[in-house]
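The structure file model.cif is reproduced below (mmCIF, C-alpha atoms and all ligand atoms).
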```cif
data_upload
#
loop_
_atom_site.label_atom_id
_atom_site.label_comp_id
_atom_site.auth_asym_id
_atom_site.auth_seq_id
_atom_site.Cartn_x
_atom_site.Cartn_y
_atom_site.Cartn_z
CA MET A 1 107.39 156.60 33.67
CA SER A 2 105.93 158.29 30.61
CA ARG A 3 107.33 160.00 27.58
CA THR A 4 105.92 163.41 26.73
CA ILE A 5 105.68 164.90 23.26
CA THR A 6 105.68 168.69 23.21
CA LYS A 7 105.67 171.45 20.66
CA ALA A 8 107.10 174.82 21.65
CA GLY A 9 107.22 178.38 20.36
CA SER A 10 109.15 181.36 21.72
CA ARG A 11 110.03 184.97 21.01
CA LEU A 12 111.85 187.95 22.44
CA ASP A 13 110.66 191.44 21.55
CA VAL A 14 112.04 194.78 22.69
CA GLY A 15 108.56 196.32 23.09
CA ARG A 16 107.68 199.92 22.22
CA LEU A 17 109.31 201.97 24.97
CA ARG A 18 112.73 200.42 25.62
CA ASP A 19 115.72 200.84 23.34
CA HIS A 20 117.30 197.49 24.05
CA ASN A 21 116.31 194.02 25.17
CA GLU A 22 117.22 192.65 28.59
CA ASP A 23 114.99 189.57 28.40
CA ASP A 24 116.48 186.30 27.25
CA LEU A 25 115.35 182.72 26.88
CA GLY A 26 116.53 179.24 26.01
CA CYS A 27 114.81 175.97 25.10
CA ARG A 28 116.37 172.58 24.87
CA GLN A 29 114.27 169.74 23.63
CA ALA A 30 115.63 166.24 24.14
CA SER A 31 117.88 165.12 21.28
CA SER A 32 117.47 161.44 22.06
CA ASP A 33 115.29 159.08 24.03
CA GLU A 34 118.09 158.69 26.52
CA GLU A 35 118.35 162.41 27.09
CA ALA A 36 114.57 162.73 27.42
CA GLN A 37 114.58 159.91 29.91
CA ILE A 38 117.27 161.40 32.10
CA PHE A 39 116.81 165.15 31.79
CA GLY A 40 113.54 165.84 29.97
CA GLU A 41 113.12 169.13 28.11
CA LEU A 42 114.19 172.41 29.63
CA PHE A 43 112.67 175.84 28.99
CA VAL A 44 114.25 178.88 30.65
CA LEU A 45 113.40 182.57 30.61
CA ALA A 46 115.22 185.47 32.30
CA ASP A 47 114.45 189.18 32.63
CA GLY A 48 117.63 191.09 33.38
CA MET A 49 118.05 194.40 35.16
CA GLY A 50 120.87 196.80 35.88
CA GLY A 51 122.06 199.95 34.17
CA HIS A 52 123.96 200.15 30.89
CA LEU A 53 124.84 196.61 29.78
CA GLY A 54 124.16 194.85 33.07
CA GLY A 55 120.65 193.57 32.41
CA GLU A 56 121.39 191.80 29.17
CA VAL A 57 124.65 190.35 30.48
CA ALA A 58 122.89 188.98 33.58
CA SER A 59 120.02 187.36 31.68
CA ARG A 60 122.36 185.82 29.05
CA LEU A 61 124.65 184.47 31.75
CA ALA A 62 121.67 182.93 33.54
CA ILE A 63 120.32 181.21 30.42
CA GLU A 64 123.71 179.88 29.26
CA THR A 65 124.73 178.66 32.71
CA ILE A 66 121.42 176.95 33.43
CA LEU A 67 121.19 175.20 30.05
CA THR A 68 124.75 173.87 30.24
CA THR A 69 124.84 173.02 33.91
CA TYR A 70 121.48 171.28 33.99
CA TYR A 71 122.35 168.92 31.14
CA ALA A 72 125.76 168.19 32.65
CA SER A 73 124.32 167.53 36.09
CA SER A 74 125.16 164.34 37.89
CA GLN A 75 122.14 164.82 40.13
CA ALA A 76 119.76 161.89 39.79
CA ASP A 77 116.91 164.11 40.82
CA ILE A 78 115.44 166.67 38.38
CA ALA A 79 114.54 169.26 41.03
CA ALA A 80 118.01 169.04 42.59
CA GLY A 81 119.66 169.37 39.18
CA LEU A 82 117.61 172.47 38.43
CA ALA A 83 118.38 174.06 41.80
CA GLN A 84 122.08 173.36 41.33
CA ALA A 85 122.04 175.03 37.89
CA ILE A 86 120.22 178.12 39.18
CA LEU A 87 122.47 178.51 42.22
CA LEU A 88 125.53 178.35 40.02
CA ALA A 89 124.06 180.97 37.68
CA ASN A 90 123.39 183.17 40.70
CA ARG A 91 126.95 182.80 41.91
CA LEU A 92 128.45 183.57 38.48
CA ILE A 93 126.32 186.69 37.99
CA TYR A 94 127.13 187.88 41.49
CA THR A 95 130.87 187.34 41.02
CA ARG A 96 130.88 189.02 37.63
CA SER A 97 128.97 192.06 38.89
CA SER A 98 131.22 192.39 41.93
CA GLY A 99 134.34 192.44 39.77
CA ASP A 100 133.26 194.87 37.03
CA ARG A 101 132.10 198.39 37.76
CA ASP A 102 130.15 198.57 34.48
CA LEU A 103 128.11 195.55 35.55
CA SER A 104 127.76 196.46 39.20
CA GLY A 105 124.31 195.75 40.62
CA MET A 106 123.13 193.67 37.68
CA GLY A 107 120.66 190.88 38.31
CA THR A 108 117.97 188.87 36.64
CA THR A 109 114.77 186.97 37.24
CA CYS A 110 114.60 183.41 36.06
CA VAL A 111 111.90 180.80 35.45
CA CYS A 112 113.01 177.26 34.61
CA SER A 113 110.64 174.55 33.56
CA VAL A 114 111.44 170.90 32.89
CA VAL A 115 108.94 168.59 31.20
CA HIS A 116 109.93 165.08 32.22
CA GLY A 117 107.68 162.08 31.87
CA ASP A 118 104.24 163.07 33.08
CA LYS A 119 105.57 165.81 35.34
CA LEU A 120 106.35 169.48 35.08
CA TYR A 121 109.11 170.85 37.31
CA ILE A 122 109.20 174.58 37.95
CA ALA A 123 111.96 176.56 39.63
CA HIS A 124 112.01 180.34 39.78
CA VAL A 125 113.33 183.53 41.30
CA GLY A 126 111.82 186.98 40.68
CA ASP A 127 108.64 188.15 38.97
CA SER A 128 108.75 186.34 35.63
CA ARG A 129 105.93 183.81 35.58
CA ALA A 130 104.80 180.33 34.60
CA TYR A 131 101.15 179.52 33.92
CA LEU A 132 99.53 176.17 33.29
CA LEU A 133 96.37 176.07 31.20
CA ARG A 134 94.13 173.02 31.36
CA ASP A 135 90.50 172.65 30.27
CA ARG A 136 90.12 176.40 29.63
CA SER A 137 91.33 177.23 33.09
CA MET A 138 94.67 179.05 33.45
CA GLU A 139 96.55 179.08 36.70
CA GLN A 140 99.70 181.00 37.61
CA ILE A 141 101.99 178.36 39.10
CA THR A 142 104.74 180.72 40.25
CA GLU A 143 104.43 183.35 42.93
CA ASP A 144 106.00 186.72 42.05
CA HIS A 145 108.87 187.76 44.26
CA SER A 146 107.80 191.38 44.10
CA TRP A 147 106.74 194.20 46.37
CA VAL A 148 103.24 194.42 44.86
CA GLU A 149 102.71 190.66 45.27
CA GLU A 150 103.47 191.05 48.98
CA GLN A 151 100.87 193.84 49.20
CA VAL A 152 98.32 191.57 47.50
CA ARG A 153 99.10 188.82 49.98
CA TYR A 154 98.57 191.24 52.89
CA GLY A 155 95.26 192.32 51.32
CA LEU A 156 96.53 195.87 50.72
CA LEU A 157 96.23 195.77 46.93
CA THR A 158 94.00 193.81 44.56
CA PRO A 159 95.72 191.80 41.78
CA GLU A 160 94.33 194.30 39.25
CA GLU A 161 95.75 197.27 41.19
CA ALA A 162 99.08 195.44 41.46
CA ARG A 163 99.25 194.94 37.70
CA VAL A 164 99.27 198.70 37.02
CA HIS A 165 100.88 199.93 40.25
CA PRO A 166 103.86 202.34 39.82
CA MET A 167 105.98 200.06 42.03
CA ARG A 168 105.12 196.90 40.09
CA ASN A 169 108.74 196.61 38.88
CA VAL A 170 110.22 196.37 42.37
CA ILE A 171 111.29 192.79 42.90
CA THR A 172 112.25 191.27 46.21
CA ARG A 173 114.43 188.44 44.93
CA ALA A 174 116.74 188.13 41.92
CA LEU A 175 119.75 186.19 40.70
CA GLY A 176 123.04 188.00 41.15
CA ASN A 177 122.32 190.24 44.13
CA ALA A 178 123.96 188.06 46.79
CA PRO A 179 126.21 184.95 46.86
CA ASP A 180 123.20 182.77 47.60
CA VAL A 181 119.54 182.92 46.72
CA ALA A 182 116.38 181.06 47.72
CA VAL A 183 114.82 179.22 44.76
CA ASP A 184 111.10 178.38 44.78
CA GLN A 185 110.34 174.97 43.29
CA SER A 186 107.17 173.02 42.54
CA ILE A 187 106.14 169.85 40.69
CA HIS A 188 102.89 169.46 38.74
CA PRO A 189 101.33 166.50 36.93
CA ILE A 190 100.84 167.16 33.19
CA LEU A 191 98.30 165.81 30.75
CA ALA A 192 97.96 165.83 26.99
CA GLY A 193 96.31 169.11 25.98
CA ASP A 194 97.97 171.15 28.73
CA ILE A 195 99.60 174.42 27.73
CA LEU A 196 102.55 175.91 29.58
CA LEU A 197 103.27 179.62 29.33
CA ILE A 198 106.48 181.18 30.64
CA CYS A 199 106.79 184.94 30.30
CA SER A 200 108.42 188.12 31.52
CA ASP A 201 106.39 190.96 33.04
CA GLY A 202 106.43 192.75 29.68
CA LEU A 203 103.56 190.46 28.72
CA THR A 204 101.64 190.36 31.99
CA THR A 205 101.86 194.13 32.53
CA ALA A 206 100.43 194.77 29.07
CA LEU A 207 97.70 192.08 28.99
CA ASP A 208 95.46 190.58 31.64
CA ASP A 209 95.26 186.83 32.21
CA GLU A 210 91.92 186.49 30.42
CA ALA A 211 93.23 188.03 27.20
CA ILE A 212 96.33 185.82 27.32
CA LYS A 213 94.25 182.71 27.92
CA GLU A 214 91.96 183.40 24.95
CA VAL A 215 94.97 183.58 22.62
CA LEU A 216 96.45 180.34 23.96
CA ILE A 217 93.15 178.51 23.59
CA SER A 218 92.38 179.77 20.09
CA ARG A 219 95.74 179.16 18.35
CA PRO A 220 96.49 175.60 17.27
CA GLN A 221 100.26 176.24 17.03
CA PRO A 222 102.38 177.55 19.92
CA GLN A 223 104.43 179.88 17.70
CA ALA A 224 101.25 181.48 16.34
CA ALA A 225 100.08 182.03 19.93
CA VAL A 226 103.43 183.59 20.89
CA ASP A 227 103.42 185.91 17.86
CA LYS A 228 99.86 187.04 18.57
CA LEU A 229 100.69 187.72 22.25
CA VAL A 230 103.70 189.85 21.26
CA GLU A 231 101.56 191.80 18.78
CA MET A 232 98.83 192.41 21.38
CA ALA A 233 101.33 193.45 24.09
CA ASN A 234 102.83 195.97 21.66
CA ASP A 235 99.37 197.21 20.65
CA ALA A 236 98.73 197.76 24.36
CA GLY A 237 101.74 200.09 24.49
CA GLY A 238 104.63 197.59 24.72
CA PRO A 239 105.78 199.16 27.99
CA ASP A 240 108.66 196.72 28.55
CA ASN A 241 110.66 193.97 26.85
CA ILE A 242 108.50 190.94 26.09
CA GLY A 243 109.83 187.38 26.49
CA ILE A 244 107.51 184.42 25.93
CA ILE A 245 107.79 180.64 25.73
CA VAL A 246 104.67 178.56 25.01
CA VAL A 247 104.73 174.76 25.22
CA TYR A 248 101.83 172.61 24.04
CA VAL A 249 101.79 169.13 25.56
CA GLU A 250 100.65 166.98 22.67
CA LYS A 251 100.91 163.47 24.09
CA VAL A 252 101.86 161.73 27.27
CA VAL A 253 102.66 158.19 26.18
CA PRO A 254 103.16 155.62 28.93
CA TYR A 255 106.14 153.40 28.24
CA GLY A 256 105.00 149.88 27.50
CA SER A 257 101.95 150.96 25.49
CA ASN A 258 103.77 150.08 22.24
CA GLY A 259 105.64 147.17 23.65
CA GLU A 260 108.44 149.50 24.76
CA SER A 261 110.15 148.81 28.00
CA ASP A 262 110.47 151.49 30.63
CA PRO A 263 113.86 153.12 29.96
CA SER A 264 114.15 154.13 33.61
CA GLU A 265 114.78 150.47 34.25
CA GLN A 266 117.62 150.52 31.74
CA ARG A 267 119.33 153.42 33.42
CA PRO A 268 122.64 152.36 34.90
CA LYS A 269 122.26 152.23 38.65
CA LYS A 270 125.95 152.46 39.41
CA GLY A 271 128.87 154.19 37.81
CA TRP A 272 126.54 156.60 36.04
CA THR A 273 128.59 159.74 35.82
CA LYS A 274 128.33 162.78 33.68
CA PHE A 275 130.98 165.42 33.48
CA LEU A 276 130.21 168.16 35.95
CA PRO A 277 132.16 171.29 35.02
CA PHE A 278 131.61 173.17 38.27
CA SER A 279 131.35 172.19 41.85
CA CA B 301 110.80 193.34 32.55
#
```
Spit out the file's structure as structure tokens when you get a sec.
Amino acid sequence: MSRTITKAGSRLDVGRLRDHNEDDLGCRQASSDEEAQIFGELFVLADGMGGHLGGEVASRLAIETILTTYYASSQADIAAGLAQAILLANRLIYTRSSGDRDLSGMGTTCVCSVVHGDKLYIAHVGDSRAYLLRDRSMEQITEDHSWVEEQVRYGLLTPEEARVHPMRNVITRALGNAPDVAVDQSIHPILAGDILLICSDGLTTALDDEAIKEVLISRPQPQAAVDKLVEMANDAGGPDNIGIIVVYVEKVVPYGSNGESDPSEQRPKKGWTKFLPFS
């Protein structure tokens, strides 16, 4: 078990063509060693859709529900806690949109990332993305749930054609469209020096991966990297709302290296309950 020290930056920007923002995000860094040990740090981004107010309501509901539910989870397992939080968000958005004509059809993408010990947990639905950059090499660690991504997989479009394709906004999975949803999850080892990027398609439509990578590598502070990416996406036309979270992994400190004991051994094995508001 290791403790990870991160530094994060984030920003939401409406872009140049839209008149309101349907992206949303939330970050919760551990407030205590105990919280870090149990839950780690959670970073969530959502890109809402649906006419009128729907998109922004859906993305806000996703962020709020996931942040609260995850940290109230009684699940001992990080991945299970994340899945539970996302499924509840899906259910709440679906119920709300079914009961309100103004919000009918609303939905949202969502990318959740938990940094816990020396691991990175990713859970996502939709076409917002997570990338992991290590040693100057940047890899997309989520697979878009989109029509163009399916065409790329079938060999019918190249990734570059997909990026500018007129149907690039058509997603094949979202929160809020049905009572249940399939959540993709993955776990990755993390090292000091790694950079995590979570973003909506407002960034990846405007800039290619190479341009994004150069900014992340050249800025010593995550907030400076985020601000530069927003500026460049807007200079490239700002075709959509831009939502970005950047996390720099500064240190992965094994417990015991400073004479500390491993707090996972101190965790109560029995009778460990946290209030769970929903079931
Ligand atoms: Ca978008």
Residue contacts of Lys7 in chain A (10 Å, only C-alpha atoms) excluding same-chain residues fewer than 5 positions away, as an mmCIF file with C-alpha atoms, in the coordinates of the input:
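Everything below was put into part.cif:
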```
data_model
loop_
_atom_site.group_PDB
_atom_site.id
_atom_site.type_symbol
_atom_site.label_atom_id
_atom_site.label_comp_id
_atom_site.auth_asym_id
_atom_site.auth_seq_id
_atom_site.Cartn_x
_atom_site.Cartn_y
_atom_site.Cartn_z
ATOM 1 C CA GLN A 29 114.270 169.740 23.630
ATOM 2 C CA ILE A 195 99.600 174.420 27.730
ATOM 3 C CA GLN A 221 100.260 176.240 17.030
ATOM 4 C CA PRO A 222 102.380 177.550 19.920
ATOM 5 C CA GLN A 223 104.430 179.880 17.700
ATOM 6 C CA VAL A 246 104.670 178.560 25.010
ATOM 7 C CA VAL A 247 104.730 174.760 25.220
ATOM 8 C CA TYR A 248 101.830 172.610 24.040
ATOM 9 C CA VAL A 249 101.790 169.130 25.560
ATOM 10 C CA GLU A 250 100.650 166.980 22.670
ATOM 11 C CA LYS A 251 100.910 163.470 24.090
#
```
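Picture a line from CA of Ala233 in chain A to CA of Ala206 in chain A; it runs 5.2 Å.
The spacing separating CA of Gly15 in chain A from CA of Thr204 in chain A amounts to 12.8 Å.
Take CA of Arg153 in chain A and CA of Asp240 in chain A: the distance between them is 24.8 Å.
Closest approach to Leu87 in chain A among A:Cys112, A:Cys27, A:Ile63, A:Val181 is made by A:Val181 (distances from all atoms listed in the file).
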Exercise. What's the 10 Å shell around Ser10 in chain A, counting only C-alpha atoms, without same-chain residues fewer than 6 positions away, as an MDAnalysis selection string?
Worked result: chainID A and resid 25:27 43 45 197:199 222:227 243:247
Which polymer residues have any atom within 12 Å of an atom of Asn241 in chain A, counting only C-alpha atoms, with same-chain residues fewer than 3 positions away left out, as number ranges by chain? A: 11-24, 46-49, 55-56, 128, 199-206, 230, 233-234, 237-238, 244
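Near Arg101 in chain A, within 12 Å and counting all atoms listed in the file, sit Gly50, Gly51, His52, Leu53, Gly54, Thr95, Arg96, Ser97, Ser98, Gly99, Leu103, Ser104, Gly105 and Met106 of chain A; same-chain residues fewer than 2 positions away were not included.
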Nearby residues (only C-alpha atoms) at most 7 Å from Ala30 in chain A, same-chain spacing under 6 positions excluded, as a ChimeraX atom specification
/A:36,40-41
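Distance annotation: of A:Ile5, A:Leu61, A:Ala83, A:Leu88, the residue with the minimal separation from Pro179 in chain A is A:Leu88; atom set is only C-alpha atoms.
For the residues A:Leu133, A:Met167, A:Val183, A:Val44, ranking by smallest atom-to-atom distance to Ala79 in chain A using only C-alpha atoms places A:Val183 first.
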Using all atoms listed in the file, collect all residues at a distance of at most 12 Å from (101.5, 185.7, 44.0) as written in the file, then present them as a PyMOL selection string. chain A and resi 126-131+139-155+157-159+162-163
Min atom-atom distance to Val111 in chain A from the set A:Arg91, A:Arg168, A:Lys213, A:His124, counting all atoms listed in the file, belongs to A:His124
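Take the candidates A:Gly107, A:Arg219, A:Leu156, A:Ile187 and check each one against ligand CA 301 (chain B) using all atoms listed in the file; the shortest distance goes to A:Gly107.
Nearest residue to ligand CA 301 (chain B), choosing from A:Ser32, A:Thr108, A:Gln75, A:Ser113 and counting all atoms listed in the file: A:Thr108.
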